[in-house]
file work.pdb (PDB, C-alpha atoms, pLDDT in the B column)
ATOM      1  CA  MET A   1      -1.425  14.534  -0.308  1.00 38.00           C
ATOM      2  CA  LYS A   2       0.511  16.136   2.518  1.00 40.00           C
ATOM      3  CA  SER A   3       2.456  13.413   4.269  1.00 47.00           C
ATOM      4  CA  ILE A   4       5.643  12.715   6.158  1.00 44.00           C
ATOM      5  CA  LEU A   5       7.272  11.993   2.811  1.00 45.00           C
ATOM      6  CA  SER A   6       6.459  15.401   1.327  1.00 45.00           C
ATOM      7  CA  SER A   7       8.304  17.041   4.208  1.00 46.00           C
ATOM      8  CA  LEU A   8      11.440  15.028   3.454  1.00 50.00           C
ATOM      9  CA  ILE A   9      11.332  14.679  -0.328  1.00 60.00           C
ATOM     10  CA  THR A  10      10.591  17.746  -2.408  1.00 58.00           C
ATOM     11  CA  SER A  11       9.902  16.002  -5.736  1.00 70.00           C
ATOM     12  CA  LYS A  12       6.217  15.067  -5.909  1.00 74.00           C
ATOM     13  CA  THR A  13       6.948  12.658  -8.745  1.00 80.00           C
ATOM     14  CA  LYS A  14       9.520  10.852  -6.615  1.00 80.00           C
ATOM     15  CA  ILE A  15       7.014  10.656  -3.741  1.00 77.00           C
ATOM     16  CA  HIS A  16       4.387   9.160  -6.079  1.00 77.00           C
ATOM     17  CA  ILE A  17       6.874   6.557  -7.309  1.00 83.00           C
ATOM     18  CA  LEU A  18       8.028   5.636  -3.799  1.00 82.00           C
ATOM     19  CA  MET A  19       4.444   5.382  -2.544  1.00 79.00           C
ATOM     20  CA  ARG A  20       3.399   3.276  -5.521  1.00 80.00           C
ATOM     21  CA  LEU A  21       6.323   0.851  -5.504  1.00 84.00           C
ATOM     22  CA  PHE A  22       7.265   0.647  -1.822  1.00 83.00           C
ATOM     23  CA  LEU A  23       3.736   0.077  -0.559  1.00 77.00           C
ATOM     24  CA  ASN A  24       3.528  -3.077  -2.653  1.00 76.00           C
ATOM     25  CA  PRO A  25       7.152  -4.115  -3.250  1.00 81.00           C
ATOM     26  CA  ASN A  26       6.406  -7.282  -5.223  1.00 81.00           C
ATOM     27  CA  GLU A  27       4.575  -5.406  -7.956  1.00 82.00           C
ATOM     28  CA  GLU A  28       6.291  -4.294 -11.150  1.00 87.00           C
ATOM     29  CA  ILE A  29       5.160  -1.440 -13.369  1.00 87.00           C
ATOM     30  CA  HIS A  30       6.557   0.165 -16.489  1.00 88.00           C
ATOM     31  CA  LEU A  31       7.298   3.807 -17.240  1.00 88.00           C
ATOM     32  CA  ARG A  32       4.201   4.452 -19.361  1.00 87.00           C
ATOM     33  CA  GLY A  33       1.957   2.877 -16.721  1.00 85.00           C
ATOM     34  CA  LEU A  34       3.340   5.171 -14.029  1.00 84.00           C
ATOM     35  CA  SER A  35       3.202   8.175 -16.331  1.00 85.00           C
ATOM     36  CA  GLU A  36      -0.466   7.581 -17.188  1.00 83.00           C
ATOM     37  CA  GLU A  37      -1.405   6.792 -13.599  1.00 78.00           C
ATOM     38  CA  PHE A  38       0.167   9.994 -12.262  1.00 75.00           C
ATOM     39  CA  GLY A  39      -0.864  12.157 -15.218  1.00 79.00           C
ATOM     40  CA  LEU A  40       2.752  13.237 -15.743  1.00 83.00           C
ATOM     41  CA  SER A  41       5.019  13.336 -18.763  1.00 87.00           C
ATOM     42  CA  PRO A  42       7.042  10.167 -19.399  1.00 89.00           C
ATOM     43  CA  SER A  43      10.290  12.177 -19.444  1.00 91.00           C
ATOM     44  CA  LEU A  44       9.657  13.500 -15.914  1.00 89.00           C
ATOM     45  CA  VAL A  45       8.837  10.031 -14.585  1.00 89.00           C
ATOM     46  CA  ARG A  46      11.813   8.520 -16.477  1.00 91.00           C
ATOM     47  CA  GLU A  47      14.262  10.921 -14.800  1.00 91.00           C
ATOM     48  CA  GLU A  48      12.961  10.116 -11.311  1.00 90.00           C
ATOM     49  CA  LEU A  49      13.054   6.373 -12.058  1.00 92.00           C
ATOM     50  CA  ARG A  50      16.639   6.766 -13.277  1.00 91.00           C
ATOM     51  CA  GLN A  51      17.670   8.548 -10.062  1.00 90.00           C
ATOM     52  CA  LEU A  52      15.959   6.015  -7.800  1.00 90.00           C
ATOM     53  CA  SER A  53      17.466   3.136  -9.802  1.00 92.00           C
ATOM     54  CA  SER A  54      20.949   4.709  -9.643  1.00 90.00           C
ATOM     55  CA  ALA A  55      20.584   4.919  -5.869  1.00 89.00           C
ATOM     56  CA  GLY A  56      19.755   1.200  -5.830  1.00 92.00           C
ATOM     57  CA  LEU A  57      16.247   1.768  -4.439  1.00 91.00           C
ATOM     58  CA  LEU A  58      14.567   0.351  -7.551  1.00 93.00           C
ATOM     59  CA  LEU A  59      15.272  -2.713  -9.648  1.00 93.00           C
ATOM     60  CA  ASN A  60      14.423  -2.870 -13.324  1.00 92.00           C
ATOM     61  CA  ARG A  61      13.816  -5.729 -15.702  1.00 92.00           C
ATOM     62  CA  LYS A  62      13.526  -5.537 -19.460  1.00 90.00           C
ATOM     63  CA  SER A  63      10.437  -7.192 -20.891  1.00 86.00           C
ATOM     64  CA  GLY A  64      10.336  -6.884 -24.660  1.00 89.00           C
ATOM     65  CA  ARG A  65      10.552  -3.191 -25.482  1.00 89.00           C
ATOM     66  CA  GLN A  66       9.577  -1.940 -22.049  1.00 89.00           C
ATOM     67  CA  ILE A  67      11.416  -1.781 -18.751  1.00 90.00           C
ATOM     68  CA  ASN A  68       9.533  -2.759 -15.600  1.00 92.00           C
ATOM     69  CA  PHE A  69      10.449  -1.269 -12.230  1.00 94.00           C
ATOM     70  CA  ARG A  70       9.923  -2.479  -8.675  1.00 92.00           C
ATOM     71  CA  ALA A  71      11.215  -1.676  -5.208  1.00 93.00           C
ATOM     72  CA  ASN A  72      14.539  -3.255  -4.255  1.00 94.00           C
ATOM     73  CA  ALA A  73      13.589  -5.200  -1.125  1.00 92.00           C
ATOM     74  CA  ASN A  74      17.281  -6.015  -0.543  1.00 94.00           C
ATOM     75  CA  HIS A  75      18.374  -2.373  -0.290  1.00 92.00           C
ATOM     76  CA  PRO A  76      19.533  -1.449   3.250  1.00 91.00           C
ATOM     77  CA  LEU A  77      16.987   1.403   3.392  1.00 89.00           C
ATOM     78  CA  PHE A  78      14.068  -0.704   2.175  1.00 90.00           C
ATOM     79  CA  PRO A  79      12.616  -1.496   5.640  1.00 88.00           C
ATOM     80  CA  GLU A  80      12.665   2.169   6.631  1.00 86.00           C
ATOM     81  CA  LEU A  81      11.179   3.424   3.355  1.00 87.00           C
ATOM     82  CA  HIS A  82       8.523   0.714   3.392  1.00 84.00           C
ATOM     83  CA  SER A  83       7.626   1.717   6.950  1.00 82.00           C
ATOM     84  CA  MET A  84       7.512   5.425   6.047  1.00 80.00           C
ATOM     85  CA  VAL A  85       5.207   4.739   3.108  1.00 79.00           C
ATOM     86  CA  LYS A  86       2.839   2.711   5.297  1.00 74.00           C
ATOM     87  CA  LYS A  87       2.852   5.509   7.871  1.00 70.00           C
ATOM     88  CA  ALA A  88       2.123   8.083   5.181  1.00 69.00           C
ATOM     89  CA  PHE A  89      -0.931   6.048   4.209  1.00 65.00           C
ATOM     90  CA  GLY A  90      -1.945   5.732   7.860  1.00 65.00           C
ATOM     91  CA  MET A  91      -1.940   1.942   7.759  1.00 62.00           C
ATOM     92  CA  ASP A  92       0.300   1.610  10.785  1.00 61.00           C
ATOM     93  CA  ARG A  93      -2.311   3.368  12.933  1.00 62.00           C
ATOM     94  CA  ILE A  94      -5.147   1.311  11.500  1.00 63.00           C
ATOM     95  CA  LEU A  95      -3.355  -1.932  12.301  1.00 64.00           C
ATOM     96  CA  ASP A  96      -2.201  -0.981  15.779  1.00 64.00           C
ATOM     97  CA  SER A  97      -5.786  -0.133  16.740  1.00 62.00           C
ATOM     98  CA  ILE A  98      -7.314  -3.192  15.137  1.00 63.00           C
ATOM     99  CA  VAL A  99      -4.897  -5.829  16.363  1.00 66.00           C
ATOM    100  CA  SER A 100      -4.953  -4.683  19.968  1.00 66.00           C
ATOM    101  CA  ARG A 101      -8.720  -4.239  20.393  1.00 72.00           C
ATOM    102  CA  LEU A 102     -10.769  -6.311  18.010  1.00 76.00           C
ATOM    103  CA  GLY A 103     -10.669  -9.901  19.160  1.00 78.00           C
ATOM    104  CA  GLU A 104      -9.135 -12.809  17.302  1.00 85.00           C
ATOM    105  CA  LEU A 105      -7.769 -11.267  14.111  1.00 86.00           C
ATOM    106  CA  LYS A 106      -6.199 -13.840  11.780  1.00 88.00           C
ATOM    107  CA  LEU A 107      -5.526 -11.742   8.677  1.00 87.00           C
ATOM    108  CA  ALA A 108      -5.801  -8.102   7.586  1.00 86.00           C
ATOM    109  CA  PHE A 109      -5.242  -6.784   4.071  1.00 86.00           C
ATOM    110  CA  VAL A 110      -6.147  -3.862   1.845  1.00 86.00           C
ATOM    111  CA  LEU A 111      -7.534  -4.277  -1.644  1.00 88.00           C
ATOM    112  CA  ASP A 112      -7.394  -2.508  -4.969  1.00 84.00           C
ATOM    113  CA  ASP A 113      -6.146   1.109  -5.106  1.00 82.00           C
ATOM    114  CA  TYR A 114      -4.346   1.254  -1.762  1.00 78.00           C
ATOM    115  CA  ALA A 115      -2.805  -2.160  -2.405  1.00 77.00           C
ATOM    116  CA  GLN A 116      -1.295  -0.655  -5.553  1.00 74.00           C
ATOM    117  CA  GLY A 117      -0.028   2.420  -3.752  1.00 71.00           C
ATOM    118  CA  LYS A 118      -2.740   4.780  -5.029  1.00 76.00           C
ATOM    119  CA  ASP A 119      -4.097   7.181  -2.428  1.00 76.00           C
ATOM    120  CA  THR A 120      -7.717   7.642  -3.466  1.00 83.00           C
ATOM    121  CA  GLY A 121      -8.890   8.627  -0.001  1.00 84.00           C
ATOM    122  CA  ILE A 122     -10.786   5.351   0.448  1.00 88.00           C
ATOM    123  CA  VAL A 123      -9.175   2.343   2.132  1.00 87.00           C
ATOM    124  CA  ASP A 124     -10.781  -1.053   1.409  1.00 91.00           C
ATOM    125  CA  LEU A 125      -9.823  -3.159   4.424  1.00 90.00           C
ATOM    126  CA  VAL A 126     -10.571  -6.880   4.768  1.00 93.00           C
ATOM    127  CA  LEU A 127     -10.404  -8.454   8.229  1.00 92.00           C
ATOM    128  CA  VAL A 128     -10.512 -12.205   8.778  1.00 94.00           C
ATOM    129  CA  GLY A 129     -11.268 -13.712  12.171  1.00 92.00           C
ATOM    130  CA  ASN A 130     -13.639 -13.397  15.100  1.00 90.00           C
ATOM    131  CA  ILE A 131     -13.991  -9.607  15.194  1.00 88.00           C
ATOM    132  CA  ASP A 132     -15.876  -7.495  17.744  1.00 85.00           C
ATOM    133  CA  GLN A 133     -18.169  -5.495  15.414  1.00 86.00           C
ATOM    134  CA  ASP A 134     -19.051  -2.780  17.959  1.00 85.00           C
ATOM    135  CA  ASN A 135     -15.398  -2.091  18.664  1.00 85.00           C
ATOM    136  CA  LEU A 136     -14.649  -2.133  14.930  1.00 88.00           C
ATOM    137  CA  THR A 137     -17.266   0.526  14.154  1.00 88.00           C
ATOM    138  CA  ASP A 138     -15.887   2.779  16.879  1.00 86.00           C
ATOM    139  CA  LEU A 139     -12.264   2.249  15.803  1.00 83.00           C
ATOM    140  CA  VAL A 140     -13.001   2.865  12.133  1.00 85.00           C
ATOM    141  CA  ARG A 141     -14.770   6.140  12.915  1.00 87.00           C
ATOM    142  CA  LYS A 142     -11.875   7.365  15.087  1.00 82.00           C
ATOM    143  CA  THR A 143      -9.205   6.210  12.639  1.00 79.00           C
ATOM    144  CA  GLU A 144     -10.976   7.861   9.689  1.00 83.00           C
ATOM    145  CA  ARG A 145     -10.838  11.211  11.469  1.00 81.00           C
ATOM    146  CA  TYR A 146      -7.204  10.678  12.415  1.00 73.00           C
ATOM    147  CA  ILE A 147      -5.928   9.718   8.946  1.00 75.00           C
ATOM    148  CA  SER A 148      -8.429  11.833   6.938  1.00 80.00           C
ATOM    149  CA  ARG A 149      -9.509   8.892   4.793  1.00 84.00           C
ATOM    150  CA  LYS A 150     -12.656   6.791   4.468  1.00 90.00           C
ATOM    151  CA  ILE A 151     -12.283   3.150   5.550  1.00 90.00           C
ATOM    152  CA  ARG A 152     -14.585   0.493   4.113  1.00 93.00           C
ATOM    153  CA  THR A 153     -14.353  -2.789   5.993  1.00 92.00           C
ATOM    154  CA  LEU A 154     -15.302  -6.320   5.085  1.00 93.00           C
ATOM    155  CA  VAL A 155     -15.235  -8.750   8.006  1.00 94.00           C
ATOM    156  CA  LEU A 156     -15.081 -12.465   7.221  1.00 95.00           C
ATOM    157  CA  THR A 157     -14.826 -15.617   9.280  1.00 95.00           C
ATOM    158  CA  GLU A 158     -12.007 -17.973   8.336  1.00 95.00           C
ATOM    159  CA  ASP A 159     -14.489 -20.236   6.499  1.00 96.00           C
ATOM    160  CA  GLU A 160     -15.976 -17.314   4.562  1.00 96.00           C
ATOM    161  CA  PHE A 161     -12.494 -16.184   3.596  1.00 96.00           C
ATOM    162  CA  GLN A 162     -11.562 -19.671   2.345  1.00 95.00           C
ATOM    163  CA  ASN A 163     -14.728 -19.723   0.206  1.00 95.00           C
ATOM    164  CA  MET A 164     -13.874 -16.318  -1.308  1.00 93.00           C
ATOM    165  CA  LYS A 165     -10.099 -16.758  -1.535  1.00 92.00           C
ATOM    166  CA  SER A 166     -10.089 -17.181  -5.323  1.00 92.00           C
ATOM    167  CA  ILE A 167     -11.876 -13.828  -5.722  1.00 91.00           C
ATOM    168  CA  PHE A 168      -9.290 -12.015  -3.606  1.00 89.00           C
ATOM    169  CA  GLU A 169      -6.384 -13.648  -5.451  1.00 87.00           C
ATOM    170  CA  LYS A 170      -7.506 -11.945  -8.682  1.00 88.00           C
ATOM    171  CA  ARG A 171      -7.475  -8.450  -7.146  1.00 87.00           C
ATOM    172  CA  PRO A 172      -4.550  -6.262  -6.069  1.00 83.00           C
ATOM    173  CA  LYS A 173      -3.976  -7.117  -2.411  1.00 83.00           C
ATOM    174  CA  LEU A 174      -1.497  -6.027   0.224  1.00 78.00           C
ATOM    175  CA  THR A 175      -1.282  -8.119   3.394  1.00 78.00           C
ATOM    176  CA  LEU A 176      -0.925  -5.874   6.416  1.00 76.00           C
ATOM    177  CA  TRP A 177      -1.030  -8.397   9.220  1.00 75.00           C
ATOM    178  CA  LYS A 178      -1.150 -12.160   9.586  1.00 78.00           C
ATOM    179  CA  ALA A 179      -1.433 -14.218  12.785  1.00 77.00           C
ATOM    180  CA  ASP A 180       1.451 -16.588  13.475  1.00 70.00           C
TER     181      ASP A 180
END
call {"tool": "encode", "arguments": {"input": "work.pdb", "output": "structure tokens"}}
result
Amino acid sequence: MKSILSSLITSKTKIHILMRLFLNPNEEIHLRGLSEEFGLSPSLVREELRQLSSAGLLLNRKSGRQINFRANANHPLFPELHSMVKKAFGMDRILDSIVSRLGELKLAFVLDDYAQGKDTGIVDLVLVGNIDQDNLTDLVRKTERYISRKIRTLVLTEDEFQNMKSIFEKRPKLTLWKAD
């Protein structure tokens, strides 16, 4: 994936790690999990994790015989890196369009692969509120062309969301926007 990050960071492994962990900063993953997910050797992933940990960008926690890694949300560069990762995925553009033009949005989140920082080319977006469906269809079509990804939307009323909340809690989820 060509992104703003690949222009700044030359190591593709490091980009994969940053995308995976900074998109969903509360998630932890271990070396083997990252290695298998990226299809890269554990030694290559280990070296990049070591460098990012040494820089303070990642935190690690020992759990039995494995070490789990996650983004360090307290690092001074965290807000900027988190923002860059979201921009690389195109989520900032999706949200700006949706929030300003779709009606009474209460909650927006992505599910599954994108919530875990995996760029599969398909964004599963859930919108909760009173949404203008005609505007949504138009915005999705335009945004898909702009970010070169397919967007699948699920629009729910607040009551529908409450009825399905337990289903969403079991799946990887990344909240993008929430009304005050």
call {"tool": "axis_aligned_box", "arguments": {"input": "work.pdb", "around": "range 26-38 of chain A", "padding_each_side": "6 Å", "output": "JSON"}}
result
{"center_x": 2.9, "center_y": 1.4, "center_z": -12.3, "size_x": 20.7, "size_y": 29.3, "size_z": 26.1}
call {"tool": "resolve_selection", "arguments": {"input": "work.pdb", "expression": "the PyMOL selection byres ((chain A and resi 173) around 10)", "output": "ChimeraX atom specification"}}
result
/A:24,109-116,124-126,168-172,174-176
call {"tool": "residues_around", "arguments": {"input": "work.pdb", "residues": "Ser35 in chain A", "least_positions_apart": "3", "cutoff": "10 Å", "atoms": "only C-alpha atoms", "output": "ChimeraX atom specification"}}
result
/A:13,17,30-32,38-46
call {"tool": "resolve_selection", "arguments": {"input": "work.pdb", "expression": "the PyMOL selection byres ((chain A and resi 58) around 7)", "output": "PyMOL selection string"}}
result
chain A and resi 52-53+56-57+59-60+69-72
call {"tool": "residues_near_point", "arguments": {"input": "work.pdb", "point": "(-14.0, -14.2, 4.8)", "cutoff": "10 Å", "atoms": "all atoms listed in the file", "output": "tab-separated table (two decimals) with C-alpha atoms, keeping the file's coordinate frame"}}
result
chain	number	residue	atom	x	y	z
A	107	LEU	CA	-5.53	-11.74	8.68
A	126	VAL	CA	-10.57	-6.88	4.77
A	127	LEU	CA	-10.40	-8.45	8.23
A	128	VAL	CA	-10.51	-12.20	8.78
A	129	GLY	CA	-11.27	-13.71	12.17
A	154	LEU	CA	-15.30	-6.32	5.08
A	155	VAL	CA	-15.24	-8.75	8.01
A	156	LEU	CA	-15.08	-12.46	7.22
A	157	THR	CA	-14.83	-15.62	9.28
A	158	GLU	CA	-12.01	-17.97	8.34
A	159	ASP	CA	-14.49	-20.24	6.50
A	160	GLU	CA	-15.98	-17.31	4.56
A	161	PHE	CA	-12.49	-16.18	3.60
A	162	GLN	CA	-11.56	-19.67	2.35
A	163	ASN	CA	-14.73	-19.72	0.21
A	164	MET	CA	-13.87	-16.32	-1.31
A	165	LYS	CA	-10.10	-16.76	-1.54
A	168	PHE	CA	-9.29	-12.02	-3.61
call {"tool": "atom_distance", "arguments": {"input": "work.pdb", "atom1": "CA of Asp132 in chain A", "atom2": "CA of Glu104 in chain A"}}
result
8.6 Å
call {"tool": "atom_distance", "arguments": {"input": "work.pdb", "atom1": "CA of Thr137 in chain A", "atom2": "CA of Thr153 in chain A"}}
result
9.3 Å
